[in-house]
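*Asks:* Dropping a structure here in structure tokens format, bear with me for questions.
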Amino acid sequence: MRAGLLSDARVVAILRELFVPVHVTALNTLHCMRDPRDEALLRAAIRKDTDDFDGGEREAFLLPDGTMLPVFLSLHGRDMNEWEERASHYTAEGRRAENAVVEFRHRGADALRRVHGELPEAWRQLWDLDHPAVRDVLAASPQWPAPAAGAAGLRVFSRNSYRMYDDLHGAEVVTLTAADLREWTAPLREVGARAAMPRAAFVATARAMVPRGMVDTELADGSIEGELVLVVEELGPKGVRGRVEGRFALEPKSKEEVGKRLNAACLFESRGRLRGRFELDAAGRLRVLRAAAVGVEFAWLPGYSTRDDEFEPWHRVALEWVERPL
């Protein structure tokens, strides 16, 4: 299920209580499937009247005997005209619309009846916003990902339009080893001193900067250029302060780098500068680092034009130092 549909607390509670998550390899991308059983399963469920299966994710319900119920297009209700249907999972409003929940309710009920013969009582109860399980979901606060206990690293935020999507975003944590940190910060002992992040750590950071919306991205080392540099501006009894500067250029050469579903993968180029601030404490430990991308030049390859000027391609990146004590 896509994030827009999961934003409804009732759907989250129902999926937790009544369904078992199942992943079908590269759903809807037949020529990328490695297991012929997956392809046979998908071919048996394709409905030509509702979906051409030419890329992207799909929602489906799998029965205990392995039967897949007819697949339905991501978050699309059944009563939309052509443009509304196309726009429904390009905008946050469309993905969170009530018709997406109505569609889930229709398909989910069908799946449960096929298994149980009738709808479980919990199905009806969980549509009540006052149900304890639903209240638990509503009360949960979103949390950014964090390093493992006792570790530290950069939380990398990346946000982009992924062609026409308006608000896909996310964050990954890139853990830095103690050796990487020592190598990076050791030269910072006088005003004007400069220290570049070790190459391996920068490559890991750059991979986390890839525009969201891709599937299973893994840019090759040769597709990543740039650096992240700390420059000392102040020395004092409490430590070191200075600026963060750098640059990045992400230029994947093959579709395999940006998506395992090759018919949905999009080559791109993104380059920009990194600007921010950092602080080391009196013991030389990195305590603060915040930076953001500026002057980003981004393009889908080959060139892509949308049907609406509202959806222009862009790429935003931010970095934040995070530590998690034992």
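Going by the structure tokens order, chains are called A, B, ..., each with residues numbered from 1, while ligands are numbered from 1 in the order shown.
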Name the residues of region 99-169 of chain A that fall into strand (DSSP E) according to DSSP on the backbone, using the chain letters and numbers of this document, as a count of residues only.
*Replies:* 11
*Asks:* Taking only C-alpha atoms into account, which of A:Val203, A:Leu62, A:Leu69, A:Ala208 comes nearest Gly170 (chain A)?
*Replies:*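 Comparing A:Val203, A:Leu62, A:Leu69, A:Ala208 against Gly170 (chain A), the winner is A:Ala208.
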*Asks:* Can you list every residue in region 61-305 of chain A that DSSP puts in helix (DSSP H, G or I), as an MDAnalysis selection string?
*Replies:* chainID A and resid 82:88 92:95 98:116 121:125 132:139 178:185 199:208 221:223 255:257 262:264
*Asks:* For the residues selected in the previous step, produce a file with C-alpha atoms as a PDB file, in the first residue's frame.
*Replies:*
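The resulting file, selection30.pdb, is reproduced below:
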```pdb
ATOM      1  CA  GLU A  82      -9.096  10.223 -17.153  1.00  0.00           C
ATOM      2  CA  TRP A  83      -7.268  13.311 -15.853  1.00  0.00           C
ATOM      3  CA  GLU A  84      -8.495  12.956 -12.260  1.00  0.00           C
ATOM      4  CA  GLU A  85      -7.347   9.340 -12.319  1.00  0.00           C
ATOM      5  CA  ARG A  86      -3.937  10.334 -13.644  1.00  0.00           C
ATOM      6  CA  ALA A  87      -3.588  13.117 -11.078  1.00  0.00           C
ATOM      7  CA  SER A  88      -4.821  11.110  -8.106  1.00  0.00           C
ATOM      8  CA  ALA A  92      -0.815  14.606  -1.753  1.00  0.00           C
ATOM      9  CA  GLU A  93      -4.454  15.630  -1.836  1.00  0.00           C
ATOM     10  CA  GLY A  94      -5.267  12.958  -4.369  1.00  0.00           C
ATOM     11  CA  ARG A  95      -3.383  10.219  -2.532  1.00  0.00           C
ATOM     12  CA  GLU A  98     -11.534   9.653   0.761  1.00  0.00           C
ATOM     13  CA  ASN A  99     -12.057   7.715  -2.473  1.00  0.00           C
ATOM     14  CA  ALA A 100      -8.722   5.947  -1.837  1.00  0.00           C
ATOM     15  CA  VAL A 101     -10.061   4.752   1.512  1.00  0.00           C
ATOM     16  CA  VAL A 102     -13.345   3.758  -0.123  1.00  0.00           C
ATOM     17  CA  GLU A 103     -11.409   1.719  -2.678  1.00  0.00           C
ATOM     18  CA  PHE A 104      -9.450  -0.025   0.069  1.00  0.00           C
ATOM     19  CA  ARG A 105     -12.666  -0.744   1.953  1.00  0.00           C
ATOM     20  CA  HIS A 106     -14.200  -2.321  -1.137  1.00  0.00           C
ATOM     21  CA  ARG A 107     -11.182  -4.437  -2.100  1.00  0.00           C
ATOM     22  CA  GLY A 108     -10.232  -5.332   1.465  1.00  0.00           C
ATOM     23  CA  ALA A 109     -13.719  -6.547   2.301  1.00  0.00           C
ATOM     24  CA  ASP A 110     -13.713  -8.693  -0.835  1.00  0.00           C
ATOM     25  CA  ALA A 111     -10.400 -10.279   0.171  1.00  0.00           C
ATOM     26  CA  LEU A 112     -11.573 -11.047   3.717  1.00  0.00           C
ATOM     27  CA  ARG A 113     -14.821 -12.588   2.494  1.00  0.00           C
ATOM     28  CA  ARG A 114     -12.869 -14.831   0.141  1.00  0.00           C
ATOM     29  CA  VAL A 115     -10.861 -16.122   3.108  1.00  0.00           C
ATOM     30  CA  HIS A 116     -13.415 -16.200   5.928  1.00  0.00           C
ATOM     31  CA  GLU A 121     -16.406  -8.446  13.350  1.00  0.00           C
ATOM     32  CA  ALA A 122     -13.065  -6.650  13.853  1.00  0.00           C
ATOM     33  CA  TRP A 123     -13.341  -5.307  10.300  1.00  0.00           C
ATOM     34  CA  ARG A 124     -16.471  -3.366  11.204  1.00  0.00           C
ATOM     35  CA  GLN A 125     -15.146  -2.284  14.590  1.00  0.00           C
ATOM     36  CA  PRO A 132      -8.367   1.661  20.757  1.00  0.00           C
ATOM     37  CA  ALA A 133      -6.181   0.364  17.912  1.00  0.00           C
ATOM     38  CA  VAL A 134      -7.122   3.341  15.744  1.00  0.00           C
ATOM     39  CA  ARG A 135      -6.540   5.767  18.598  1.00  0.00           C
ATOM     40  CA  ASP A 136      -3.063   4.260  19.070  1.00  0.00           C
ATOM     41  CA  VAL A 137      -2.238   5.031  15.455  1.00  0.00           C
ATOM     42  CA  LEU A 138      -3.602   8.569  15.738  1.00  0.00           C
ATOM     43  CA  ALA A 139      -1.560   9.159  18.904  1.00  0.00           C
ATOM     44  CA  ALA A 178      35.043   6.177  14.561  1.00  0.00           C
ATOM     45  CA  ALA A 179      37.950   5.922  12.102  1.00  0.00           C
ATOM     46  CA  ASP A 180      36.089   8.055   9.529  1.00  0.00           C
ATOM     47  CA  LEU A 181      35.382  10.690  12.172  1.00  0.00           C
ATOM     48  CA  ARG A 182      38.981  10.797  13.382  1.00  0.00           C
ATOM     49  CA  GLU A 183      40.284  11.134   9.826  1.00  0.00           C
ATOM     50  CA  TRP A 184      37.764  13.856   9.052  1.00  0.00           C
ATOM     51  CA  THR A 185      38.146  16.042  12.133  1.00  0.00           C
ATOM     52  CA  ARG A 199      35.679   9.394   0.128  1.00  0.00           C
ATOM     53  CA  ALA A 200      33.841   6.213   1.188  1.00  0.00           C
ATOM     54  CA  ALA A 201      31.722   8.143   3.685  1.00  0.00           C
ATOM     55  CA  PHE A 202      30.941  10.821   1.099  1.00  0.00           C
ATOM     56  CA  VAL A 203      29.861   8.206  -1.457  1.00  0.00           C
ATOM     57  CA  ALA A 204      27.506   6.637   1.121  1.00  0.00           C
ATOM     58  CA  THR A 205      26.110  10.086   1.913  1.00  0.00           C
ATOM     59  CA  ALA A 206      25.637  10.917  -1.762  1.00  0.00           C
ATOM     60  CA  ARG A 207      23.780   7.650  -2.373  1.00  0.00           C
ATOM     61  CA  ALA A 208      21.323   8.666   0.339  1.00  0.00           C
ATOM     62  CA  ASP A 221      30.998   5.013  -7.368  1.00  0.00           C
ATOM     63  CA  GLY A 222      31.824   6.436 -10.786  1.00  0.00           C
ATOM     64  CA  SER A 223      28.426   8.148 -10.949  1.00  0.00           C
ATOM     65  CA  LYS A 255      19.017   2.374 -15.391  1.00  0.00           C
ATOM     66  CA  GLU A 256      20.119  -0.506 -13.146  1.00  0.00           C
ATOM     67  CA  GLU A 257      21.611   2.134 -10.826  1.00  0.00           C
ATOM     68  CA  LEU A 262      13.750  -0.984 -15.517  1.00  0.00           C
ATOM     69  CA  ASN A 263      10.596   0.142 -17.314  1.00  0.00           C
ATOM     70  CA  ALA A 264       9.849   2.515 -14.429  1.00  0.00           C
TER      71      ALA A 264
END
```
*Asks:* For each of A:Ala186, A:Lys253, A:Leu267, A:Leu319, take the minimum atom-to-atom distance to Leu286 (chain A), counting only C-alpha atoms, then give the residue where this is smallest.
*Replies:*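 Closest candidate: A:Ala186.
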*Asks:* Please, what distance in Å, to one decimal, runs between CA of Pro147 (chain A) and CA of Thr175 (chain A)?
*Replies:*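 Taking CA of Pro147 (chain A) as the start and CA of Thr175 (chain A) as the end point, the length is 6.6 Å.
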*Asks:* Quick one, how far is CA of Val288 (chain A) from CA of Arg241 (chain A)?
*Replies:*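 Rounded to one decimal, the two atoms are 9.2 Å apart.
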*Asks:* Fewer than 3 positions away in the same chain doesn't count, so skip those; otherwise give me all residues within 7 Å of Ile14 (chain A), counting only C-alpha atoms, as a ChimeraX atom specification.
*Replies:* /A:10-11,17-18,123,126
*Asks:* Quick one: residues within 7 Å of Gly272 (chain A), only C-alpha atoms, excluding same-chain residues fewer than 3 positions away - as JSON, numbers by chain?
*Replies:* {"A": [247, 248, 249, 293, 294, 295, 296, 297]}
*Asks:* At a cut-off of 12 Å, using only C-alpha atoms, what residues contact Leu188 (chain A)? Leave out same-chain residues fewer than 2 positions from it and give the result as a PyMOL selection string.
*Replies:* chain A and resi 181-186+190-196+229-235+239-243+278-286
*Asks:* I need the chosen residues saved as a JSON list (two decimals), in the first residue's frame, with C-alpha atoms.
*Replies:*
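Ended up saving to out-v6.json:
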```
[["chain", "number", "residue", "atom", "x", "y", "z"],
["A", 181, "LEU", "CA", 35.38, 10.69, 12.17],
["A", 182, "ARG", "CA", 38.98, 10.80, 13.38],
["A", 183, "GLU", "CA", 40.28, 11.13, 9.83],
["A", 184, "TRP", "CA", 37.76, 13.86, 9.05],
["A", 185, "THR", "CA", 38.15, 16.04, 12.13],
["A", 186, "ALA", "CA", 41.83, 15.53, 13.07],
["A", 190, "GLU", "CA", 43.69, 26.12, 13.58],
["A", 191, "VAL", "CA", 41.66, 28.87, 11.93],
["A", 192, "GLY", "CA", 41.47, 28.27, 8.21],
["A", 193, "ALA", "CA", 42.13, 24.53, 8.48],
["A", 194, "ARG", "CA", 40.11, 22.44, 6.03],
["A", 195, "ALA", "CA", 39.15, 18.76, 6.18],
["A", 196, "ALA", "CA", 37.24, 16.77, 3.54],
["A", 229, "VAL", "CA", 34.49, 19.98, 3.65],
["A", 230, "LEU", "CA", 34.73, 21.45, 7.17],
["A", 231, "VAL", "CA", 36.49, 24.82, 7.42],
["A", 232, "VAL", "CA", 37.55, 26.23, 10.83],
["A", 233, "GLU", "CA", 36.49, 29.83, 11.53],
["A", 234, "GLU", "CA", 36.69, 30.06, 15.35],
["A", 235, "LEU", "CA", 38.82, 28.39, 18.07],
["A", 239, "GLY", "CA", 35.75, 23.90, 20.95],
["A", 240, "VAL", "CA", 35.80, 24.65, 17.25],
["A", 241, "ARG", "CA", 33.23, 26.31, 15.03],
["A", 242, "GLY", "CA", 33.16, 26.75, 11.31],
["A", 243, "ARG", "CA", 31.40, 26.42, 8.03],
["A", 278, "PHE", "CA", 29.50, 22.70, 12.25],
["A", 279, "GLU", "CA", 30.81, 22.58, 15.83],
["A", 280, "LEU", "CA", 33.34, 20.37, 17.63],
["A", 281, "ASP", "CA", 33.46, 20.24, 21.42],
["A", 282, "ALA", "CA", 36.61, 20.81, 23.50],
["A", 283, "ALA", "CA", 37.54, 17.13, 23.11],
["A", 284, "GLY", "CA", 37.33, 17.37, 19.33],
["A", 285, "ARG", "CA", 34.06, 15.43, 19.00],
["A", 286, "LEU", "CA", 31.66, 16.49, 16.27]]
```
*Asks:* Record the distance separating CA of Glu269 (chain A) and CA of Arg159 (chain A), expressed in Å with one decimal.
*Replies:*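 The value is 14.8 Å.
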*Asks:* Which of these, A:Val258, A:Ala151, A:Leu228, A:Leu289, has the shortest distance to Gly246 (chain A) once you count only C-alpha atoms?
*Replies:* A:Leu228
*Asks:* Given only C-alpha atoms as the basis, pick out the residue of A:Leu250, A:Ala97, A:Val12, A:Val156 nearest to Ala292 (chain A).
*Replies:* A:Val156
*Asks:* Excluding Arg290 (chain A) and any residue of its chain fewer than 6 positions from it, enumerate the residues within 10 Å of it, using only C-alpha atoms, and give them as a list in words.
*Replies:*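 The filter keeps Leu154, Arg155, Arg243, Val244, Leu274, Arg275, Gly276, Arg277, Phe278, Glu279, Ala318, Leu319, Glu320, Trp321 and Val322 of chain A.
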